[in-house]
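Everything below concerns the one structure shown next.
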Amino acid sequence: MTRPAEHTAAEAQRLLTEGALSALELTDFYLDRIDRLNPRLNAVLALDADGARAAAAASDARRRDGALAGPLDGVPILVKDNIEAVGLPATAGSRALLDSPPTADAPLVDRLRRAGLVLLGSTNLSEWANFRSTASTSGWSAVGGQTRNPFDPDRNTSGSSSGSAAAIAAGLAPLTVGTETDGSIVSPAGVCGVVGFKPTLGRVPGAGIVPISSRQDIAGPMARTVSDAALLFSVLAGSPPAAEPSGLAGRRLALWRPEDMTEEVTAVFETVAGLLGDAGCVLSDARAPVSSPFEDAEFQALLAEFSVELPAYLRARPGPHPHDWAGLLAFNRADEVELSRFSDEIFGLCSELQGGTESEEYQQHRRTADEACAGALADVLGDCEFALAPTNSPAWPISYGDAPEHGLLTSSLCAVTGSPSVSLPAGMAAGLPIGVSVLGRRGSDEQLLAFAAELQAALPRLAYPLD
């Protein structure tokens, strides 16, 4: 059978259009690849093989009739397991939700199905989107176990869209959907050498996603190419495809070099900056963000929002799961797996929080975080169209306990302000991927994606380990 060697949506489209593969054959190829490779990666948490094959057969029928639902009709996809989809568990990685599968699709899943995409299954994640413990290990969940990096299975995938990123890097699907509150799309993308796009807040419907905070939560596409991510974003957002490329020459770009950049990250970043300069971009050094206590303010604001929004979501979701903090804490303590790697002290903090999002203390934390990040992003961008920043340090060893996780904090400015950012693979350090992020202003999603696609075309193509 023909093999979709590039594992991209564009390659899948080509094979389907040429008749080299049917959608059903393409689906079976990826189901078989998941069966063979996933046991060593734990990137995929659950499959809906019967549903996927039925959707693929329906796509083949539409193709025969000349009635395709869109350019991605028949292309396989995986979604993160905190997104509700009929036929999949949507556990957010917690065993507490295993007996309460969704009874309806999240609006974004409905858009995927209407566009003809073939939903294979759901991806593993950092449990509760990495908001259960400050000492959590990214990529681990009680349901899915530990997601492993395809470039080195002893290395972390970052979080919380760990499975969505690892699945792309391993060629388990040409497209996936992740979610982000702060860094959970772009950081795993960088660590796994794939593209991850965090849209402007509100561009993708958030209903039917297990929440942390409606002030920052957003779903977005992950793929091997920016052009694939842009095409998927158009489906998720219910909008036309990304803007047409307008060339790199003359584009004004700020270069943000955080103080904690390592030598290996700096080497990749400066190489990319050099390529952009050679292509005619007008480059300027970004004004470093003013130091501020926004990290603590953001955390305190997210605590208050999570303390209100998660119980509200649980009460509205049918099933025999816990519906409040007391129930979740009791479940974790009675379960043999939930607390086997790290604790749930964030749940404890939420259970003790008074006033929720109505308190003046919360309002002050949210104002502090919002104003600090808005000012810092404005400083970074200056009078430039976009800013370029490093996404990540090389993937760190998987460990549990007191070993700190490593990374860069370039995601927060766009996360807190609800602005778009995209990470794309830019180079390697000791066999591990290094990504760069393009940051933009709110509402610049299509233009940012078009620019990032041109940047990716100017960069060396990344070789994936399992291809």
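Naming scheme: A, B, ... for chains in displayed order of the structure tokens; residues 1 onward per chain; ligands 1 onward as shown.
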
Practice prompt. Report as a ChimeraX atom specification: the residues of stretch 83-270 of chain A with a DSSP assignment of strand (DSSP E or B), based on the backbone of this structure.
Written response: /A:83,118-123,140-141,145-146,149,152,155,175-180,195-198,209,218-223,252-255

Suppose we keep C-alpha atoms; can you now write the selection as a short mmCIF file (atom, residue, chain, number, x, y, z; two decimals), in the first residue's frame?
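After the write, again-v7.cif holds the following:
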data_model
loop_
_atom_site.label_atom_id
_atom_site.label_comp_id
_atom_site.auth_asym_id
_atom_site.auth_seq_id
_atom_site.Cartn_x
_atom_site.Cartn_y
_atom_site.Cartn_z
CA ILE A 83 -12.01 17.84 24.45
CA VAL A 118 -11.60 11.52 10.23
CA LEU A 119 -11.34 11.49 14.03
CA LEU A 120 -9.06 8.59 14.94
CA GLY A 121 -8.98 9.07 18.71
CA SER A 122 -7.67 11.27 21.50
CA THR A 123 -4.20 12.12 22.73
CA TRP A 140 1.90 12.12 32.67
CA SER A 141 -1.72 11.22 33.37
CA GLY A 145 0.65 7.08 31.65
CA GLN A 146 3.78 8.96 30.59
CA ASN A 149 9.43 12.16 23.23
CA ASP A 152 14.42 10.31 22.77
CA ARG A 155 13.01 12.76 27.45
CA LEU A 175 -3.05 16.70 12.29
CA THR A 176 -3.89 17.04 15.98
CA VAL A 177 -5.65 19.55 18.22
CA GLY A 178 -4.14 20.76 21.47
CA THR A 179 -5.23 23.26 24.10
CA GLU A 180 -3.32 25.97 25.94
CA VAL A 195 4.25 23.31 14.66
CA GLY A 196 1.82 24.48 17.32
CA PHE A 197 -0.48 27.48 16.90
CA LYS A 198 -2.18 29.26 19.80
CA ILE A 209 -13.34 21.47 26.81
CA ILE A 218 -7.87 28.18 23.80
CA ALA A 219 -7.67 25.19 21.46
CA GLY A 220 -5.39 25.22 18.45
CA PRO A 221 -3.88 23.11 15.66
CA MET A 222 -0.65 21.09 15.71
CA ALA A 223 1.03 19.76 12.57
CA ARG A 252 9.61 44.47 10.41
CA LEU A 253 10.45 41.89 13.07
CA ALA A 254 11.56 42.30 16.69
CA LEU A 255 14.06 39.82 18.13
#

Item to complete: Considering only C-alpha atoms, return as a PyMOL selection string whatever protein or nucleic-acid residues lie within 12 Å of A:Glu358, sequence-local ones (same chain, fewer than 6 positions apart) excluded.
Response: chain A and resi 301+304-305+307-308+364-366

Same residues, N, CA, C and O atoms, saved as a tab-separated table (two decimals), in the first residue's frame:
chain	number	residue	atom	x	y	z
A	301	ALA	N	-4.64	34.27	39.86
A	301	ALA	CA	-5.86	34.49	39.08
A	301	ALA	C	-6.38	33.18	38.50
A	301	ALA	O	-7.59	32.90	38.54
A	304	ALA	N	-8.19	31.07	41.11
A	304	ALA	CA	-9.56	31.50	41.38
A	304	ALA	C	-10.49	31.10	40.24
A	304	ALA	O	-11.62	30.64	40.47
A	305	GLU	N	-10.04	31.27	39.01
A	305	GLU	CA	-10.87	30.91	37.86
A	305	GLU	C	-11.11	29.40	37.80
A	305	GLU	O	-12.24	28.95	37.56
A	307	SER	N	-11.03	27.37	40.31
A	307	SER	CA	-11.84	26.96	41.47
A	307	SER	C	-13.32	27.08	41.18
A	307	SER	O	-14.14	26.34	41.75
A	308	VAL	N	-13.69	27.98	40.28
A	308	VAL	CA	-15.09	28.20	39.93
A	308	VAL	C	-15.48	27.41	38.67
A	308	VAL	O	-16.53	26.76	38.62
A	364	GLN	N	-7.70	42.01	41.67
A	364	GLN	CA	-6.40	42.65	41.66
A	364	GLN	C	-5.34	41.78	40.99
A	364	GLN	O	-4.52	42.27	40.20
A	365	HIS	N	-5.36	40.48	41.29
A	365	HIS	CA	-4.41	39.57	40.65
A	365	HIS	C	-4.60	39.57	39.13
A	365	HIS	O	-3.62	39.63	38.38
A	366	ARG	N	-5.84	39.50	38.68
A	366	ARG	CA	-6.10	39.46	37.24
A	366	ARG	C	-5.68	40.77	36.58
A	366	ARG	O	-5.07	40.77	35.50

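Minimum distance to A:Ser412 across A:Asp344, A:Asp154, A:Asp370, A:Asp182 (counting only C-alpha atoms) occurs at A:Asp182.
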
Discussion item. Give me, as a ChimeraX atom specification, all polymer residues having an atom no more than 6 Å from stretch 22-33 of chain A, counting only C-alpha atoms and skipping those fewer than 6 positions away in the same chain.
Written reply: /A:16,56-57,60,74,172

Practice prompt. Could you please determine the separation between atom CA of A:Pro39 and atom CA of A:Pro153 in Å, to one decimal place?
Written response: 11.3 Å

So which residues touch stretch 314-327 of chain A within 6 Å, counting only C-alpha atoms, skipping near sequence neighbours fewer than 5 positions away, as a PDB file with C-alpha atoms, in the first residue's frame?
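Once everything was written out, this is part.pdb:
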ATOM      1  CA  ALA A  96     -12.360  10.290  37.881  1.00  0.00           C
ATOM      2  CA  LEU A  97     -13.956  10.893  34.455  1.00  0.00           C
ATOM      3  CA  SER A 100     -18.584   9.584  32.280  1.00  0.00           C
ATOM      4  CA  SER A 351     -10.985  23.800  47.719  1.00  0.00           C
TER       5      SER A 351
END

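By chain and then residue number, the residues within 10 Å of A:Leu283 are Gly250, Arg251, Arg252, Leu253, Ala254, Leu255, Ala273, Gly274, Leu276, Gly277, Gly280, Ala286, Cys384, Ala387 and Leu388 of chain A, counting only C-alpha atoms and disregarding those fewer than 3 positions away in sequence.
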
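Across A:Asp105, A:Glu298, A:Asp260, A:Glu6, the tightest approach to A:Pro205 is made by A:Asp105 when counting only C-alpha atoms.
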
Item to complete: Any chance you could list, as a ChimeraX atom specification, the residues in stretch 410-467 of chain A that come up alpha helix (DSSP H) when DSSP is run on the backbone?
Response: /A:412-417,445-458

Output C-alpha atoms for every residue in the selection just made, as a PDB file, in the first residue's frame.
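Writing the result to part.pdb gives the following:
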ATOM      1  CA  SER A 412       3.053  33.979  28.934  1.00  0.00           C
ATOM      2  CA  LEU A 413       2.785  37.347  27.220  1.00  0.00           C
ATOM      3  CA  CYS A 414       0.536  36.021  24.457  1.00  0.00           C
ATOM      4  CA  ALA A 415      -1.238  33.586  26.794  1.00  0.00           C
ATOM      5  CA  VAL A 416      -2.303  36.216  29.314  1.00  0.00           C
ATOM      6  CA  THR A 417      -3.182  38.870  26.724  1.00  0.00           C
ATOM      7  CA  ASP A 445      -3.860  35.197  13.361  1.00  0.00           C
ATOM      8  CA  GLU A 446      -4.031  34.792   9.589  1.00  0.00           C
ATOM      9  CA  GLN A 447      -1.225  37.258   8.915  1.00  0.00           C
ATOM     10  CA  LEU A 448       0.967  35.654  11.579  1.00  0.00           C
ATOM     11  CA  LEU A 449       0.431  32.181  10.086  1.00  0.00           C
ATOM     12  CA  ALA A 450       1.258  33.421   6.587  1.00  0.00           C
ATOM     13  CA  PHE A 451       4.503  34.970   7.853  1.00  0.00           C
ATOM     14  CA  ALA A 452       5.413  31.842   9.841  1.00  0.00           C
ATOM     15  CA  ALA A 453       4.817  29.653   6.766  1.00  0.00           C
ATOM     16  CA  GLU A 454       7.296  31.748   4.811  1.00  0.00           C
ATOM     17  CA  LEU A 455       9.779  31.548   7.674  1.00  0.00           C
ATOM     18  CA  GLN A 456       9.441  27.766   7.790  1.00  0.00           C
ATOM     19  CA  ALA A 457      10.082  27.563   4.045  1.00  0.00           C
ATOM     20  CA  ALA A 458      13.405  29.365   4.608  1.00  0.00           C
TER      21      ALA A 458
END
